[in-house]
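Text of the file my_file-v7.cif, holding mmCIF, C-alpha atoms:
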```cif
data_query
loop_
_atom_site.label_atom_id
_atom_site.label_comp_id
_atom_site.auth_asym_id
_atom_site.auth_seq_id
_atom_site.Cartn_x
_atom_site.Cartn_y
_atom_site.Cartn_z
CA MET A 1216 106.29 97.89 117.90
CA THR A 1217 103.39 97.50 120.25
CA ALA A 1218 100.09 99.34 120.45
CA ASN A 1219 101.72 101.64 123.02
CA ALA A 1220 104.61 102.72 120.76
CA GLU A 1221 104.89 106.48 120.47
CA ALA A 1222 103.70 107.92 117.19
CA SER A 1223 105.81 110.21 115.03
CA PHE A 1224 105.28 111.83 111.67
CA THR A 1225 107.39 113.11 108.79
CA GLN A 1226 106.25 115.27 105.91
CA THR A 1227 107.73 115.38 102.41
CA LEU A 1228 106.67 117.82 99.70
CA TYR A 1229 106.41 116.79 96.06
CA GLU A 1230 105.31 118.78 93.05
CA ALA A 1231 101.64 117.81 93.31
CA ALA A 1232 101.45 116.19 96.74
CA VAL A 1233 102.42 116.23 100.36
CA VAL A 1234 103.21 112.85 101.92
CA VAL A 1235 102.74 112.32 105.64
CA GLU A 1236 104.57 109.22 106.84
CA ALA A 1237 103.14 107.92 110.09
CA HIS A 1238 105.24 105.79 112.44
CA GLY A 1239 104.09 103.89 115.54
CA SER A 1240 100.57 103.66 116.92
CA LEU A 1241 97.65 105.75 115.73
CA ASN A 1242 95.59 105.29 118.86
CA VAL A 1243 94.25 107.71 121.47
CA VAL A 1244 97.83 108.55 122.52
CA GLY A 1245 99.03 109.24 118.98
CA VAL A 1246 95.93 111.11 117.80
CA PRO A 1247 97.02 114.67 118.74
CA GLY A 1248 100.23 114.35 116.74
CA PHE A 1249 98.39 112.68 113.85
CA ARG A 1250 95.78 115.44 113.77
CA ALA A 1251 98.50 118.12 113.80
CA ALA A 1252 100.50 116.37 111.04
CA LEU A 1253 97.43 116.18 108.79
CA GLN A 1254 96.57 119.81 109.48
CA ARG A 1255 100.08 120.89 108.46
CA ALA A 1256 99.76 118.77 105.31
CA VAL A 1257 96.43 120.35 104.35
CA GLU A 1258 97.91 123.82 104.89
CA THR A 1259 100.51 123.16 102.16
CA ASP A 1260 97.66 123.51 99.64
CA LYS A 1261 99.05 120.58 97.62
CA ALA A 1262 96.36 118.93 95.49
CA LEU A 1263 96.97 115.52 97.08
CA VAL A 1264 97.46 114.66 100.75
CA VAL A 1265 99.05 111.21 100.96
CA ILE A 1266 99.07 109.32 104.26
CA ASP A 1267 101.70 106.57 104.25
CA LEU A 1268 100.86 103.87 106.79
CA ALA A 1269 103.74 101.47 106.04
CA ASP A 1270 105.32 101.99 109.48
CA VAL A 1271 102.11 102.08 111.52
CA SER A 1272 101.95 99.25 114.03
CA PHE A 1273 98.42 99.89 115.30
CA LEU A 1274 95.36 101.84 114.14
CA ASP A 1275 92.23 102.08 116.25
CA SER A 1276 88.97 104.03 116.09
CA ALA A 1277 90.66 107.19 117.40
CA GLY A 1278 93.10 107.12 114.48
CA LEU A 1279 90.28 106.38 112.04
CA ALA A 1280 88.34 109.35 113.40
CA VAL A 1281 91.28 111.63 112.56
CA VAL A 1282 91.29 110.35 108.96
CA PHE A 1283 87.51 110.88 108.63
CA ARG A 1284 87.69 114.36 110.17
CA ALA A 1285 90.59 115.42 107.94
CA GLN A 1286 88.75 114.17 104.86
CA ARG A 1287 85.62 116.14 105.81
CA LEU A 1288 87.66 119.33 106.30
CA LEU A 1289 89.60 119.10 103.04
CA PRO A 1290 88.84 121.88 100.59
CA VAL A 1291 87.41 120.81 97.24
CA SER A 1292 90.82 121.47 95.65
CA GLN A 1293 92.47 118.70 97.70
CA LYS A 1294 92.14 114.93 97.78
CA MET A 1295 93.36 112.39 100.36
CA VAL A 1296 94.77 108.92 99.76
CA LEU A 1297 96.05 106.23 102.14
CA VAL A 1298 99.03 104.25 100.82
CA ASN A 1299 101.21 101.34 101.91
CA VAL A 1300 98.41 100.09 104.13
CA PRO A 1301 99.32 96.74 105.73
CA ASP A 1302 96.93 93.87 104.91
CA ARG A 1303 95.54 93.66 108.44
CA MET A 1304 94.71 97.37 108.41
CA ARG A 1305 93.13 97.26 104.94
CA ARG A 1306 90.58 94.77 106.29
CA VAL A 1307 89.78 97.07 109.22
CA LEU A 1308 89.51 100.09 106.91
CA ARG A 1309 87.18 98.19 104.59
CA LEU A 1310 84.96 97.11 107.52
CA ALA A 1311 84.87 100.69 108.83
CA GLY A 1312 83.82 101.97 105.41
CA VAL A 1313 86.90 104.13 104.96
CA ASN A 1314 87.16 103.05 101.30
CA ALA A 1315 83.88 104.86 100.61
CA VAL A 1316 85.34 108.16 101.83
CA VAL A 1317 89.11 108.02 101.19
CA ASP A 1318 91.07 106.27 98.46
CA VAL A 1319 92.98 103.32 99.90
CA GLN A 1320 95.71 102.07 97.62
CA GLU A 1321 96.94 98.51 97.45
CA PRO A 1322 100.63 97.85 98.15
CA GLY A 1323 102.58 98.21 94.93
CA ASP A 1324 100.06 100.58 93.30
CA PRO A 1325 101.75 103.35 91.28
CA GLN A 1326 102.59 106.52 93.18
CA PRO A 1327 102.94 109.19 90.47
CA TRP A 1328 103.23 112.04 92.98
CA LEU A 1329 106.75 110.96 93.96
CA GLU A 1330 108.32 113.67 91.81
CA GLN A 1331 110.10 115.75 94.44
CA VAL A 1332 110.06 119.55 94.26
#
```
Mind converting the file's structure to structure tokens?
Amino acid sequence: MTANAEASFTQTLYEAAVVVEAHGSLNVVGVPGFRAALQRAVETDKALVVIDLADVSFLDSAGLAVVFRAQRLLPVSQKMVLVNVPDRMRRVLRLAGVNAVVDVQEPGDPQPWLEQV
């Protein structure tokens, strides 16, 4: 995939979480869909909003802004976590200070929310 690949999103509900799987590029073109996917996830009222970035080919400042905005708008009863973050993106997230605002899990970290409803 290139930085121009179209973004798409899937949502899966689990007992305690909603997982949003992002695919493609989270850049200025993919931001509207990303924002809408996160909004739908928040509206499920699940305690944990999980953003799976395993299939994301590109993440720029526009995509990061969506993550920051969603985190700011989360009610106190919800928490956000980024999972399956590729190595190259983890470095960018760390430099951008995302780790201070949103949990960023390492590949292979346990994912206890994967108990499907």
Distance in Å - CA of Ala1256 (chain A) versus CA of Val1233 (chain A): 6.2 Å
Protein, DNA and RNA residues within 12 Å of (110.0, 100.1, 105.5), all atoms listed in the file, as an mmCIF file with C-alpha atoms, keeping the file's coordinate frame:
```cif
data_model
loop_
_atom_site.group_PDB
_atom_site.id
_atom_site.type_symbol
_atom_site.label_atom_id
_atom_site.label_comp_id
_atom_site.auth_asym_id
_atom_site.auth_seq_id
_atom_site.Cartn_x
_atom_site.Cartn_y
_atom_site.Cartn_z
ATOM 1 C CA GLU A 1236 104.570 109.220 106.840
ATOM 2 C CA ALA A 1237 103.140 107.920 110.090
ATOM 3 C CA HIS A 1238 105.240 105.790 112.440
ATOM 4 C CA ASP A 1267 101.700 106.570 104.250
ATOM 5 C CA LEU A 1268 100.860 103.870 106.790
ATOM 6 C CA ALA A 1269 103.740 101.470 106.040
ATOM 7 C CA ASP A 1270 105.320 101.990 109.480
ATOM 8 C CA VAL A 1271 102.110 102.080 111.520
ATOM 9 C CA SER A 1272 101.950 99.250 114.030
ATOM 10 C CA ASN A 1299 101.210 101.340 101.910
ATOM 11 C CA VAL A 1300 98.410 100.090 104.130
ATOM 12 C CA PRO A 1301 99.320 96.740 105.730
#
```
Reference answer for the PyMOL selection byres ((chain A and resi 1278) around 12), as a PyMOL selection string: chain A and resi 1222+1237+1239-1250+1253+1268+1271-1277+1279-1285+1304+1307-1308+1311+1313
Answer key for the PyMOL selection byres ((chain A and resi 1319) around 7), residues as an NGL selection string: :A and (1296-1298 or 1314 or 1317-1318 or 1320-1321)
Separation of CA of Ala1232 (chain A) from CA of Lys1261 (chain A), in Å and rounded to one decimal: 5.1 Å
Residues returned when the PyMOL selection byres ((chain A and resi 1230) around 12) runs on this file, as a count of residues only: 19
Atom-to-atom span, CA of Arg1306 (chain A) and CA of Leu1289 (chain A), Å: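 Atom-to-atom, CA of Arg1306 (chain A) to CA of Leu1289 (chain A), that is 24.6 Å.
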Selected residue, from A:Val1235, A:Ala1252, A:Val1316, A:Val1257, that lies nearest to Leu1288 (chain A) when counting all atoms listed in the file: A:Val1257
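The smallest atom-to-atom distance between Lys1294 (chain A) and any of A:Leu1310, A:Ile1266, A:Thr1225, A:Gln1326, using all atoms listed in the file, is found for A:Ile1266.
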Residue nearest Arg1305 (chain A) - candidates A:Gln1226, A:Arg1287, A:Glu1221, A:Pro1322, atoms counted: only C-alpha atoms: A:Pro1322
Since the input is missing atoms for region 1272-1286 of chain A, could you rebuild it with N, CA and C atoms and give the result as a short mmCIF file (atom, residue, chain, number, x, y, z; two decimals), in the frame of the given file?
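Heads up, here's the output in part18.cif:
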```cif
data_model
loop_
_atom_site.label_atom_id
_atom_site.label_comp_id
_atom_site.auth_asym_id
_atom_site.auth_seq_id
_atom_site.Cartn_x
_atom_site.Cartn_y
_atom_site.Cartn_z
N SER A 1272 102.08 100.56 113.37
CA SER A 1272 101.95 99.25 114.03
C SER A 1272 100.53 98.98 114.52
N PHE A 1273 99.75 100.05 114.72
CA PHE A 1273 98.42 99.89 115.30
C PHE A 1273 97.56 101.07 114.89
N LEU A 1274 96.32 100.79 114.51
CA LEU A 1274 95.36 101.84 114.14
C LEU A 1274 94.03 101.48 114.77
N ASP A 1275 93.52 102.36 115.62
CA ASP A 1275 92.23 102.08 116.25
C ASP A 1275 91.21 103.13 115.82
N SER A 1276 90.06 103.12 116.47
CA SER A 1276 88.97 104.03 116.09
C SER A 1276 89.36 105.49 116.27
N ALA A 1277 90.22 105.80 117.22
CA ALA A 1277 90.66 107.19 117.40
C ALA A 1277 91.46 107.65 116.18
N GLY A 1278 92.33 106.79 115.68
CA GLY A 1278 93.10 107.12 114.48
C GLY A 1278 92.21 107.23 113.26
N LEU A 1279 91.24 106.32 113.15
CA LEU A 1279 90.28 106.38 112.04
C LEU A 1279 89.48 107.68 112.08
N ALA A 1280 89.11 108.11 113.26
CA ALA A 1280 88.34 109.35 113.40
C ALA A 1280 89.13 110.54 112.87
N VAL A 1281 90.44 110.54 113.08
CA VAL A 1281 91.28 111.63 112.56
C VAL A 1281 91.25 111.63 111.03
N VAL A 1282 91.34 110.45 110.42
CA VAL A 1282 91.29 110.35 108.96
C VAL A 1282 89.94 110.87 108.44
N PHE A 1283 88.84 110.43 109.05
CA PHE A 1283 87.51 110.88 108.63
C PHE A 1283 87.36 112.39 108.78
N ARG A 1284 87.82 112.92 109.91
CA ARG A 1284 87.69 114.36 110.17
C ARG A 1284 88.51 115.16 109.15
N ALA A 1285 89.74 114.71 108.90
CA ALA A 1285 90.59 115.42 107.94
C ALA A 1285 89.96 115.40 106.55
N GLN A 1286 89.40 114.27 106.16
CA GLN A 1286 88.75 114.17 104.86
C GLN A 1286 87.58 115.14 104.76
#
```
